[in-house]
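This is target-v7.txt (compact mmCIF, C-alpha atoms and all ligand atoms).
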```
# COMPACT_ATOMS: atom_id res chain seq x y z
CA LYS A 1 -18.71 -15.71 -12.48
CA HIS A 2 -15.21 -15.70 -10.99
CA GLU A 3 -13.94 -18.79 -12.79
CA PHE A 4 -10.52 -18.59 -11.21
CA TRP A 5 -11.33 -17.45 -7.67
CA GLU A 6 -14.01 -20.15 -7.30
CA THR A 7 -11.22 -22.74 -7.52
CA GLN A 8 -9.02 -21.07 -4.90
CA PRO A 9 -8.91 -21.38 -1.09
CA VAL A 10 -10.55 -18.02 -0.41
CA CYS A 11 -13.81 -17.10 1.28
CA GLN A 12 -16.54 -17.43 -1.40
CA PHE A 13 -19.50 -15.05 -1.59
CA LYS A 14 -21.80 -17.89 -0.46
CA ASP A 15 -19.66 -18.44 2.68
CA LEU A 16 -20.18 -14.91 4.01
CA GLY A 17 -21.86 -14.90 7.38
CA ASN A 18 -22.10 -18.74 7.49
CA LEU A 19 -21.71 -19.42 11.19
CA ASP A 20 -21.02 -23.14 10.63
CA LEU A 21 -17.66 -22.47 8.99
CA PRO A 22 -14.64 -22.41 11.26
CA GLU A 23 -12.43 -19.31 11.07
CA GLY A 24 -8.85 -19.99 10.03
CA PRO A 25 -6.93 -21.78 7.25
CA ILE A 26 -9.15 -23.19 4.48
CA GLU A 27 -6.64 -25.75 3.17
CA LEU A 28 -4.18 -27.51 5.44
CA SER A 29 -0.48 -27.18 4.77
CA THR A 30 1.41 -30.14 3.29
CA PRO A 31 5.14 -30.97 3.46
CA SER A 32 7.03 -28.78 0.99
CA SER A 33 8.17 -31.94 -0.85
CA GLU A 34 4.52 -32.31 -1.89
CA VAL A 35 4.33 -28.77 -3.29
CA ARG A 36 4.36 -28.71 -7.08
CA GLN A 37 8.03 -28.44 -8.14
CA GLU A 38 7.51 -27.34 -11.78
CA LEU A 39 6.78 -23.85 -13.07
CA TYR A 40 3.24 -23.34 -14.32
CA ALA A 41 2.86 -23.46 -18.09
CA LEU A 42 2.78 -20.19 -20.05
CA PRO A 43 1.74 -19.58 -23.66
CA PRO A 44 4.67 -20.63 -25.92
CA GLU A 45 5.75 -17.05 -26.72
CA LEU A 46 6.29 -16.21 -23.01
CA GLU A 47 8.85 -17.37 -20.44
CA TRP A 48 9.28 -16.97 -16.66
CA THR A 49 11.92 -14.77 -15.14
CA THR A 50 12.94 -14.14 -11.53
CA CYS A 51 13.73 -10.48 -11.03
CA ASP A 52 16.91 -9.53 -9.22
CA MET A 53 16.03 -6.26 -7.47
CA THR A 54 19.68 -5.69 -6.53
CA SER A 55 20.55 -5.39 -10.22
CA GLU A 56 20.35 -1.82 -11.50
CA GLU A 57 19.32 -3.01 -14.96
CA THR A 58 16.48 -5.26 -13.75
CA SER A 59 15.07 -2.70 -11.35
CA ASP A 60 15.18 -0.04 -14.10
CA GLU A 61 13.18 -2.36 -16.35
CA ILE A 62 10.58 -2.99 -13.63
CA TYR A 63 10.18 0.73 -12.84
CA GLU A 64 9.66 1.39 -16.51
CA PHE A 65 7.18 -1.48 -16.83
CA LEU A 66 5.10 -0.44 -13.80
CA ASN A 67 5.17 3.23 -14.70
CA ASN A 68 3.72 2.39 -18.10
CA ASN A 69 1.21 -0.23 -17.03
CA TYR A 70 0.26 -0.16 -13.34
CA VAL A 71 -2.93 0.98 -11.55
CA GLU A 72 -4.91 3.99 -12.78
CA ASP A 73 -7.89 5.87 -11.30
CA ASP A 74 -11.48 5.33 -12.47
CA GLU A 75 -11.15 7.84 -15.32
CA ASN A 76 -7.59 6.96 -16.38
CA MET A 77 -6.26 10.40 -15.55
CA PHE A 78 -3.55 9.30 -13.11
CA ARG A 79 -1.31 6.25 -12.78
CA PHE A 80 0.87 5.16 -9.87
CA ASN A 81 4.41 6.13 -10.75
CA TYR A 82 7.15 4.48 -8.75
CA VAL A 83 9.87 6.63 -10.22
CA GLY A 84 9.03 9.94 -11.80
CA LYS A 85 12.11 11.49 -13.36
CA ASP A 86 12.73 13.55 -10.23
CA TYR A 87 12.26 10.78 -7.71
CA SER A 88 14.48 8.26 -6.06
CA LYS A 89 14.56 4.75 -7.48
CA GLU A 90 14.61 3.35 -3.99
CA PHE A 91 10.88 2.87 -3.50
CA LEU A 92 10.51 -0.54 -5.12
CA ARG A 93 13.70 -1.91 -3.66
CA TRP A 94 12.49 -0.80 -0.22
CA ALA A 95 9.03 -2.28 -0.85
CA LEU A 96 10.33 -5.60 -2.15
CA CYS A 97 13.45 -6.29 -0.07
CA PRO A 98 12.44 -6.18 3.63
CA PRO A 99 14.26 -8.36 6.20
CA GLY A 100 14.05 -12.04 5.19
CA TYR A 101 12.73 -11.40 1.67
CA TYR A 102 12.89 -14.10 -1.00
CA LYS A 103 14.29 -13.20 -4.39
CA SER A 104 12.25 -16.09 -5.87
CA TRP A 105 9.02 -14.22 -4.96
CA HIS A 106 9.78 -11.39 -7.42
CA VAL A 107 8.27 -13.09 -10.43
CA GLY A 108 7.83 -11.93 -13.99
CA PHE A 109 7.37 -13.25 -17.47
CA CYS A 110 8.98 -11.98 -20.66
CA ASP A 111 8.13 -12.08 -24.31
CA LYS A 112 10.64 -14.58 -25.73
CA ALA A 113 11.14 -12.71 -29.00
CA SER A 114 11.81 -9.23 -27.59
CA GLY A 115 13.02 -10.25 -24.13
CA LYS A 116 10.69 -7.55 -22.76
CA LEU A 117 8.97 -7.93 -19.38
CA VAL A 118 5.20 -8.33 -19.95
CA GLY A 119 3.96 -9.67 -16.60
CA PHE A 120 4.89 -9.09 -12.98
CA ILE A 121 3.82 -10.07 -9.46
CA THR A 122 5.61 -9.95 -6.13
CA GLY A 123 5.43 -11.35 -2.62
CA ILE A 124 7.23 -10.37 0.56
CA PRO A 125 7.22 -12.28 3.85
CA ALA A 126 5.25 -10.64 6.67
CA ARG A 127 4.26 -11.94 10.09
CA THR A 128 0.61 -10.97 10.42
CA ARG A 129 -1.63 -11.29 13.44
CA ILE A 130 -5.24 -12.24 12.85
CA ARG A 131 -7.22 -11.95 16.09
CA GLY A 132 -4.95 -13.83 18.55
CA GLU A 133 -2.79 -15.79 16.11
CA VAL A 134 0.48 -14.65 14.48
CA ILE A 135 0.93 -16.25 11.05
CA ASN A 136 3.87 -16.20 8.65
CA MET A 137 2.26 -14.84 5.53
CA ALA A 138 3.11 -13.44 2.13
CA GLU A 139 2.01 -9.96 1.09
CA ILE A 140 1.23 -9.96 -2.61
CA ASN A 141 1.60 -6.74 -4.61
CA PHE A 142 2.48 -5.13 -7.94
CA LEU A 143 0.45 -7.55 -10.05
CA CYS A 144 0.72 -5.98 -13.48
CA ILE A 145 -0.04 -7.01 -17.06
CA PRO A 146 -0.03 -4.48 -19.93
CA LYS A 147 -3.44 -3.47 -21.33
CA GLU A 148 -2.74 -5.27 -24.64
CA LEU A 149 -2.31 -8.61 -22.87
CA ARG A 150 -5.24 -8.36 -20.46
CA SER A 151 -8.19 -10.73 -21.02
CA ARG A 152 -5.79 -13.52 -21.99
CA ARG A 153 -6.20 -15.26 -18.60
CA LEU A 154 -2.58 -14.65 -17.62
CA THR A 155 -3.37 -13.29 -14.15
CA PRO A 156 -4.41 -16.72 -12.79
CA VAL A 157 -1.07 -18.13 -13.98
CA LEU A 158 0.89 -15.33 -12.25
CA ILE A 159 -1.08 -15.84 -9.04
CA LYS A 160 -0.70 -19.64 -9.08
CA GLU A 161 3.04 -19.28 -9.68
CA VAL A 162 3.61 -16.85 -6.79
CA VAL A 163 1.46 -19.06 -4.52
CA ARG A 164 3.58 -22.08 -5.51
CA ARG A 165 6.71 -20.14 -4.62
CA PHE A 166 5.54 -19.10 -1.16
CA ARG A 167 4.32 -22.65 -0.46
CA LEU A 168 7.83 -23.90 -1.30
CA GLU A 169 8.98 -21.76 1.64
CA ASN A 170 6.32 -23.35 3.85
CA ILE A 171 4.07 -20.28 3.83
CA TRP A 172 0.38 -20.97 3.34
CA GLN A 173 -1.44 -17.67 3.80
CA ALA A 174 -1.25 -14.35 1.97
CA ALA A 175 -2.70 -10.85 2.14
CA LYS A 176 -3.23 -8.41 -0.70
CA THR A 177 -5.14 -5.26 -1.53
CA ALA A 178 -6.77 -4.29 -4.81
CA GLY A 179 -9.12 -1.72 -6.27
CA ALA A 180 -11.07 -4.56 -7.92
CA HIS A 181 -13.92 -6.33 -6.14
CA LEU A 182 -13.20 -10.09 -6.04
CA PRO A 183 -14.34 -12.99 -3.82
CA THR A 184 -14.21 -11.89 -1.01
CA PRO A 185 -12.79 -8.80 0.71
CA ILE A 186 -12.22 -8.98 4.47
CA ALA A 187 -12.81 -5.22 4.44
CA THR A 188 -13.43 -2.38 1.99
CA CYS A 189 -11.75 0.93 2.66
CA GLN A 190 -11.94 4.33 1.05
CA TYR A 191 -9.18 6.72 0.06
CA TRP A 192 -9.39 10.26 1.45
CA HIS A 193 -7.38 13.19 0.14
CA ARG A 194 -6.12 16.38 1.77
CA SER A 195 -5.17 19.14 -0.63
CA LEU A 196 -1.74 20.68 -0.09
CA ASN A 197 -1.40 22.46 -3.44
CA LEU A 198 -4.92 23.33 -4.46
CA LYS A 199 -4.16 25.23 -7.65
CA LYS A 200 -2.18 22.37 -9.16
CA LEU A 201 -4.77 19.76 -8.08
CA ILE A 202 -7.46 21.76 -9.86
CA ASP A 203 -5.28 22.38 -12.95
CA VAL A 204 -4.64 18.66 -13.41
CA GLY A 205 -8.25 17.60 -12.74
CA PHE A 206 -7.55 15.79 -9.47
CA PHE A 207 -9.98 18.01 -7.66
CA SER A 208 -12.87 20.12 -8.87
CA LEU A 209 -13.85 23.21 -7.00
CA PRO A 210 -17.31 22.92 -5.41
CA ARG A 211 -19.69 25.51 -6.89
CA SER A 212 -20.20 26.93 -3.41
CA LEU A 213 -16.54 28.01 -3.17
CA THR A 214 -14.55 30.62 -5.05
CA MET A 215 -10.89 29.90 -5.73
CA SER A 216 -9.71 32.34 -3.07
CA GLN A 217 -12.14 30.94 -0.50
CA ALA A 218 -10.89 27.44 -1.28
CA ILE A 219 -7.24 28.46 -1.01
CA HIS A 220 -8.01 30.04 2.34
CA LEU A 221 -9.89 26.91 3.49
CA TYR A 222 -6.93 24.60 2.79
CA LYS A 223 -4.21 26.96 4.00
CA LEU A 224 -1.81 25.39 6.50
CA PRO A 225 0.46 27.08 9.07
CA ASP A 226 4.07 27.53 7.93
CA THR A 227 5.49 25.78 10.97
CA ILE A 228 4.59 22.71 13.02
CA SER A 229 2.94 23.12 16.39
CA THR A 230 4.15 20.15 18.49
CA PRO A 231 7.24 20.84 20.66
CA GLY A 232 9.78 18.02 20.22
CA PHE A 233 8.44 16.97 16.78
CA ARG A 234 11.48 15.83 14.77
CA LYS A 235 12.59 13.34 12.12
CA MET A 236 12.98 9.76 13.37
CA ALA A 237 16.61 8.66 13.84
CA PRO A 238 18.16 5.16 14.21
CA HIS A 239 18.28 5.43 18.02
CA ASP A 240 14.46 5.82 18.06
CA VAL A 241 13.89 2.31 16.71
CA PRO A 242 13.35 0.60 20.12
CA ALA A 243 10.90 3.27 21.36
CA VAL A 244 8.97 3.40 18.08
CA THR A 245 8.76 -0.41 18.00
CA CYS A 246 7.27 -0.46 21.52
CA LEU A 247 4.72 2.25 20.70
CA LEU A 248 3.71 0.55 17.46
CA ARG A 249 3.49 -3.01 18.84
CA ASP A 250 1.35 -1.80 21.70
CA TYR A 251 -0.88 0.27 19.41
CA LEU A 252 -1.44 -2.52 16.88
CA THR A 253 -2.75 -5.02 19.47
CA GLN A 254 -6.20 -3.40 19.27
CA PHE A 255 -6.84 -4.29 15.60
CA VAL A 256 -8.20 -7.58 14.26
CA VAL A 257 -5.61 -7.81 11.47
CA ALA A 258 -2.20 -6.17 11.93
CA PRO A 259 1.47 -6.80 11.20
CA ASP A 260 3.67 -8.28 13.91
CA LEU A 261 6.72 -6.02 13.70
CA ASP A 262 10.05 -6.35 15.52
CA GLU A 263 12.88 -3.82 15.69
CA ASP A 264 14.44 -5.00 12.42
CA ASP A 265 11.10 -4.53 10.64
CA VAL A 266 10.63 -1.07 12.13
CA ARG A 267 14.17 -0.11 11.12
CA HIS A 268 13.39 -1.18 7.57
CA TRP A 269 9.84 0.17 7.25
CA LEU A 270 9.99 3.41 9.24
CA LEU A 271 13.49 4.90 9.24
CA PRO A 272 13.31 7.83 6.84
CA ILE A 273 14.55 7.27 3.26
CA GLU A 274 14.39 10.33 1.03
CA ASN A 275 11.46 10.22 -1.39
CA VAL A 276 10.41 6.81 -0.07
CA VAL A 277 9.23 7.01 3.55
CA ASP A 278 9.31 9.70 6.18
CA THR A 279 8.71 9.31 9.93
CA PHE A 280 8.55 11.95 12.64
CA VAL A 281 8.61 11.32 16.36
CA VAL A 282 7.57 13.52 19.26
CA GLU A 283 10.30 13.57 21.90
CA GLN A 284 8.96 15.20 25.06
CA PRO A 285 11.24 18.18 25.78
CA ASP A 286 11.11 17.63 29.55
CA THR A 287 11.55 13.84 29.81
CA GLY A 288 13.20 12.95 26.50
CA HIS A 289 10.65 10.14 26.01
CA VAL A 290 9.29 9.42 22.55
CA THR A 291 5.52 9.41 23.03
CA ASP A 292 4.12 9.67 19.49
CA PHE A 293 5.09 9.26 15.88
CA CYS A 294 3.60 9.64 12.43
CA SER A 295 4.80 8.41 9.04
CA PHE A 296 3.97 8.63 5.36
CA THR A 297 5.20 7.05 2.15
CA CYS A 298 5.95 8.96 -1.05
CA LEU A 299 4.31 7.69 -4.17
CA PRO A 300 4.00 10.06 -7.12
CA LEU A 301 1.22 9.73 -9.67
CA SER A 302 1.82 10.22 -13.39
CA ILE A 303 -0.58 12.74 -14.83
CA LEU A 304 -1.74 11.27 -18.12
CA GLY A 305 -2.10 13.58 -21.12
CA ASN A 306 -1.57 16.96 -19.42
CA PRO A 307 0.66 19.38 -21.33
CA ASP A 308 1.77 21.35 -18.26
CA TYR A 309 2.37 18.79 -15.55
CA SER A 310 3.71 15.23 -15.64
CA THR A 311 3.61 14.16 -11.99
CA LEU A 312 1.60 14.71 -8.87
CA LYS A 313 3.55 14.31 -5.67
CA ALA A 314 1.40 12.32 -3.23
CA ALA A 315 2.12 11.34 0.38
CA TYR A 316 0.28 8.33 1.87
CA SER A 317 -0.39 8.09 5.58
CA PHE A 318 1.44 4.98 6.85
CA TYR A 319 1.55 4.15 10.61
CA ASN A 320 0.71 6.78 13.25
CA VAL A 321 0.65 6.35 17.02
CA SER A 322 -0.33 9.03 19.51
CA THR A 323 -0.17 8.69 23.28
CA GLU A 324 0.49 12.28 24.46
CA THR A 325 -0.10 14.50 21.43
CA SER A 326 -3.62 14.40 19.98
CA LEU A 327 -3.83 12.45 16.72
CA ASP A 328 -5.38 15.52 15.04
CA GLN A 329 -2.40 17.68 15.98
CA LEU A 330 0.13 14.99 15.06
CA ILE A 331 -1.34 14.53 11.58
CA ASN A 332 -1.74 18.27 11.12
CA ASP A 333 2.02 18.54 11.69
CA ALA A 334 2.53 15.71 9.18
CA LEU A 335 0.51 17.77 6.65
CA ILE A 336 2.69 20.80 7.33
CA VAL A 337 5.98 18.93 6.81
CA ALA A 338 4.56 17.21 3.70
CA LYS A 339 3.62 20.62 2.31
CA GLN A 340 7.11 21.96 3.15
CA ARG A 341 8.60 19.00 1.25
CA GLY A 342 6.67 19.86 -1.89
CA PHE A 343 3.86 17.28 -1.79
CA ASP A 344 0.68 18.25 -3.66
CA VAL A 345 -1.76 15.97 -1.84
CA PHE A 346 -1.82 13.88 1.35
CA ASN A 347 -3.78 10.63 1.09
CA ALA A 348 -5.10 8.37 3.82
CA LEU A 349 -7.32 5.31 4.09
CA ASP A 350 -10.16 5.19 6.62
CA ILE A 351 -8.39 2.36 8.53
CA MET A 352 -7.08 2.28 12.13
CA HIS A 353 -8.09 5.53 13.90
CA ASN A 354 -7.83 7.62 10.74
CA LYS A 355 -11.57 8.37 10.63
CA THR A 356 -11.18 10.49 13.74
CA PHE A 357 -9.01 13.07 11.96
CA LEU A 358 -10.14 12.90 8.30
CA ASN A 359 -13.03 15.37 8.55
CA VAL A 360 -11.41 17.64 11.12
CA LEU A 361 -8.28 18.06 9.01
CA LYS A 362 -10.30 18.69 5.78
CA PHE A 363 -9.64 15.45 3.95
CA LEU A 364 -12.33 14.67 1.37
CA PRO A 365 -13.43 11.18 0.31
CA GLY A 366 -11.83 10.17 -3.01
CA SER A 367 -13.11 8.21 -5.97
CA GLY A 368 -11.10 5.11 -5.09
CA TYR A 369 -11.85 2.15 -2.85
CA LEU A 370 -9.36 -0.39 -1.63
CA HIS A 371 -10.40 -3.96 -0.85
CA TYR A 372 -8.32 -6.10 1.51
CA TYR A 373 -8.08 -9.85 0.82
CA LEU A 374 -6.69 -12.92 2.57
CA TYR A 375 -5.62 -16.09 0.73
CA ASN A 376 -6.29 -19.42 2.45
CA TYR A 377 -7.74 -17.90 5.61
CA LEU A 378 -11.41 -17.55 6.35
CA LEU A 379 -12.85 -14.72 8.40
CA ARG A 380 -16.57 -15.27 8.78
CA ASP A 381 -17.63 -11.63 8.82
CA ARG A 382 -16.45 -8.53 7.06
CA LEU A 383 -14.34 -6.23 9.19
CA LEU A 384 -14.82 -2.50 9.55
CA PRO A 385 -11.98 -0.40 8.12
CA SER A 386 -11.29 0.72 11.71
CA GLU A 387 -10.59 -2.91 12.66
CA LEU A 388 -7.68 -3.07 10.19
CA GLY A 389 -4.18 -2.24 11.42
CA LEU A 390 -2.37 -3.15 8.21
CA VAL A 391 -1.10 -0.85 5.43
CA LEU A 392 0.17 -2.42 2.21
CA LEU A 393 2.20 -0.36 -0.25
C1 LIG B 401 -1.91 -2.11 -4.35
N1 LIG B 401 -1.75 -3.41 -3.82
O1 LIG B 401 -8.62 5.23 -7.76
C2 LIG B 401 -3.14 -2.00 -5.18
N2 LIG B 401 -7.22 6.65 -6.79
O2 LIG B 401 -9.44 8.09 -4.36
C3 LIG B 401 -3.61 -0.58 -5.23
N3 LIG B 401 -8.92 9.81 -6.87
O3 LIG B 401 -6.75 9.34 -6.60
C4 LIG B 401 -5.01 -0.46 -5.75
N4 LIG B 401 -11.22 10.16 -11.53
O4 LIG B 401 -10.84 11.25 -5.82
C5 LIG B 401 -5.39 0.98 -5.70
N5 LIG B 401 -10.02 13.23 -6.30
C6 LIG B 401 -6.77 1.31 -6.07
C7 LIG B 401 -6.94 2.80 -6.24
C8 LIG B 401 -6.58 3.25 -7.63
C9 LIG B 401 -6.32 4.71 -7.82
C10 LIG B 401 -7.49 5.54 -7.46
C11 LIG B 401 -8.26 7.52 -6.31
C12 LIG B 401 -8.40 7.35 -4.82
C13 LIG B 401 -7.90 8.99 -6.64
C14 LIG B 401 -8.76 11.25 -7.01
C15 LIG B 401 -8.63 11.65 -8.45
C16 LIG B 401 -9.85 11.30 -9.27
C17 LIG B 401 -9.70 11.83 -10.65
C18 LIG B 401 -10.90 11.55 -11.49
C19 LIG B 401 -9.98 11.91 -6.34
C20 LIG B 401 -11.12 13.99 -5.73
C21 LIG B 401 -10.92 14.21 -4.25
C22 LIG B 401 -10.26 15.53 -3.82
C23 LIG B 401 -8.77 15.61 -4.11
C24 LIG B 401 -8.05 16.79 -3.53
C25 LIG B 401 -8.41 17.14 -2.13
C26 LIG B 401 -9.84 16.96 -1.81
C27 LIG B 401 -10.49 15.74 -2.37
```

If you convert what's in this file into structure tokens, what do you get?
Ligand code: EN5
Amino acid sequence: KHEFWETQPVCQFKDLGNLDLPEGPIELSTPSSEVRQELYALPPELEWTTCDMTSEETSDEIYEFLNNNYVEDDENMFRFNYVGKDYSKEFLRWALCPPGYYKSWHVGFCDKASGKLVGFITGIPARTRIRGEVINMAEINFLCIPKELRSRRLTPVLIKEVVRRFRLENIWQAAKTAGAHLPTPIATCQYWHRSLNLKKLIDVGFFSLPRSLTMSQAIHLYKLPDTISTPGFRKMAPHDVPAVTCLLRDYLTQFVVAPDLDEDDVRHWLLPIENVVDTFVVEQPDTGHVTDFCSFTCLPLSILGNPDYSTLKAAYSFYNVSTETSLDQLINDALIVAKQRGFDVFNALDIMHNKTFLNVLKFLPGSGYLHYYLYNYLLRDRLLPSELGLVLL
């Protein structure tokens, strides 16, 4: 049924729960001289390109390509939009150029005649801990082929090519997430949504009012205080990097799969960048210690075919750690600052400890699921969302 995935080193449906299989790599690594040196073959009208994300022109073309062709919801009403006309163009560069990134892992193919990009996939290096073992892995993302070219079996070629390129760097495992159900997710998570701007969410069809609620009751239900409630809650600054790294490393040890982040990674992934990522710490007023932090990424959605609105401003819960402030209160303050910054909706997955605040803070389960996958690493049993400590963009 899954012609391609049945040939790949991934956990197959028939392997699930088989106690005889050892957990760990499925295929052994080979010397990089034995890795295929040639590009995979494409149909004659297409050619490979390596995308230079530091070039303004190339990154403009990729934004345009993804904004026109990337992931939509189940009813094709919304599409991820990495650069609405009002937003910063920094998101993709931030997502694709972390410390130690490889330019060669930003892969596309073009139509030879028009020179236009018509296929894209990316990898970034990421140390990931699975149970007790830290592995150098690739995180695969932004796989995108325009609707007109789907069903031409180009996705397997893109995947094989990016796998070849991470193997050339002596990396043998990868992680990815997708809305599609493939062989075989290590976990399946659900998106939850917290309304910040109810009227707009209803107007654009993101949310329909339950029959039991009138509009004014609903507005009252989702009303948030104007100001945050945690003393010492402030934007993260460069000098917070060591303390935030300690809090996060310590917190992530409890999950089965989690990133292994050092100070350079935390500086890259968590220091605030306008319209890309925002992080707030709690600095105890009496001791000056940073005891908690919360963070979210900014990823607008294009609203397809609505005459009045073109984008929905969505914040996505990223990494949150609480040691002194309750997680409920910390995230409630995150909702308040997100609202102040003009976000329409705050999204979160049911991973890590998120389930403990979703209901309390009036998140509702969304229509979308997110499956987590590993490449060339077998985990015998499915994990619970709460056993995952990893957020991919
Ligand atoms: C990255 N490597 O389905 C791959 N979004 O629930 C990413 N639903 O926004 C793959 N259909 O439920 C991503 N509103 C896979 C997800 C793809 C996108 C997706 C879902 C997530 C979504 C919304 C809109 C549905 C519109 C009609 C939804 C109802 C919930 C309500 C919103 C407001 C506040 C209360 C709850």

Report task. Return as a count of residues only every polymer residue, whether protein, DNA or RNA, with at least one atom no more than 7 Å from an atom of ligand LIG 401 (chain B); count only C-alpha atoms and all ligand atoms. Result -> 33

Query raised in the report: Can you list, as a ChimeraX atom specification, every protein, DNA or RNA residue that comes within 12 Å of A:Ala218 when you count only C-alpha atoms, leaving out same-chain residues fewer than 2 positions away?
Result: /A:195-199,201-202,207-216,220-223,362

Name the residues in contact with stretch 324-337 of chain A at a cut-off of 7 Å, using all atoms listed in the file, excluding same-chain residues fewer than 2 positions from it; report them as an mmCIF file with C-alpha atoms, in the coordinates of the input.
```cif
data_model
loop_
_atom_site.group_PDB
_atom_site.id
_atom_site.type_symbol
_atom_site.label_atom_id
_atom_site.label_comp_id
_atom_site.auth_asym_id
_atom_site.auth_seq_id
_atom_site.Cartn_x
_atom_site.Cartn_y
_atom_site.Cartn_z
ATOM 1 C CA LEU A 224 -1.810 25.390 6.500
ATOM 2 C CA PRO A 225 0.460 27.080 9.070
ATOM 3 C CA ASP A 226 4.070 27.530 7.930
ATOM 4 C CA THR A 227 5.490 25.780 10.970
ATOM 5 C CA ILE A 228 4.590 22.710 13.020
ATOM 6 C CA SER A 229 2.940 23.120 16.390
ATOM 7 C CA THR A 291 5.520 9.410 23.030
ATOM 8 C CA ASP A 292 4.120 9.670 19.490
ATOM 9 C CA CYS A 294 3.600 9.640 12.430
ATOM 10 C CA SER A 322 -0.330 9.030 19.510
ATOM 11 C CA LYS A 339 3.620 20.620 2.310
ATOM 12 C CA GLN A 340 7.110 21.960 3.150
ATOM 13 C CA ARG A 341 8.600 19.000 1.250
ATOM 14 C CA PHE A 346 -1.820 13.880 1.350
ATOM 15 C CA PHE A 357 -9.010 13.070 11.960
ATOM 16 C CA LEU A 361 -8.280 18.060 9.010
#
```

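Straight-line separation from atom CA of A:Ile130 to atom CA of A:Val257: 4.7 Å.
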
Query - Point-to-point distance in Å for atom CA of A:Arg167 and atom CA of A:His106 - result: 14.3 Å

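Nearest-residue note for A:Pro9: choosing from A:Thr155, A:Ser317, A:Gln173, A:Gln190, the minimum distance belongs to A:Gln173, counting only C-alpha atoms.
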
Report task. Between A:Val204, A:Cys97, A:Leu149, A:Ala126, single out the one closest to A:Asp308, counting only C-alpha atoms. Result -> A:Val204

Requested in this report: Compile the contact shell of A:Thr122 as a PyMOL selection string: residues with an atom at most 10 Å away, counting only C-alpha atoms, same-chain residues fewer than 4 positions apart removed.
Outcome: chain A and resi 51+95-96+102-108+138-144+158-159+162

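With distances restricted to only C-alpha atoms, A:Ile124 is the closest residue to A:Phe166 from A:Ser151, A:Ile124, A:Tyr309, A:Asp203.
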
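What separates atom CA of A:Asp250 from atom CA of A:Ile26 is a distance of 29.4 Å.
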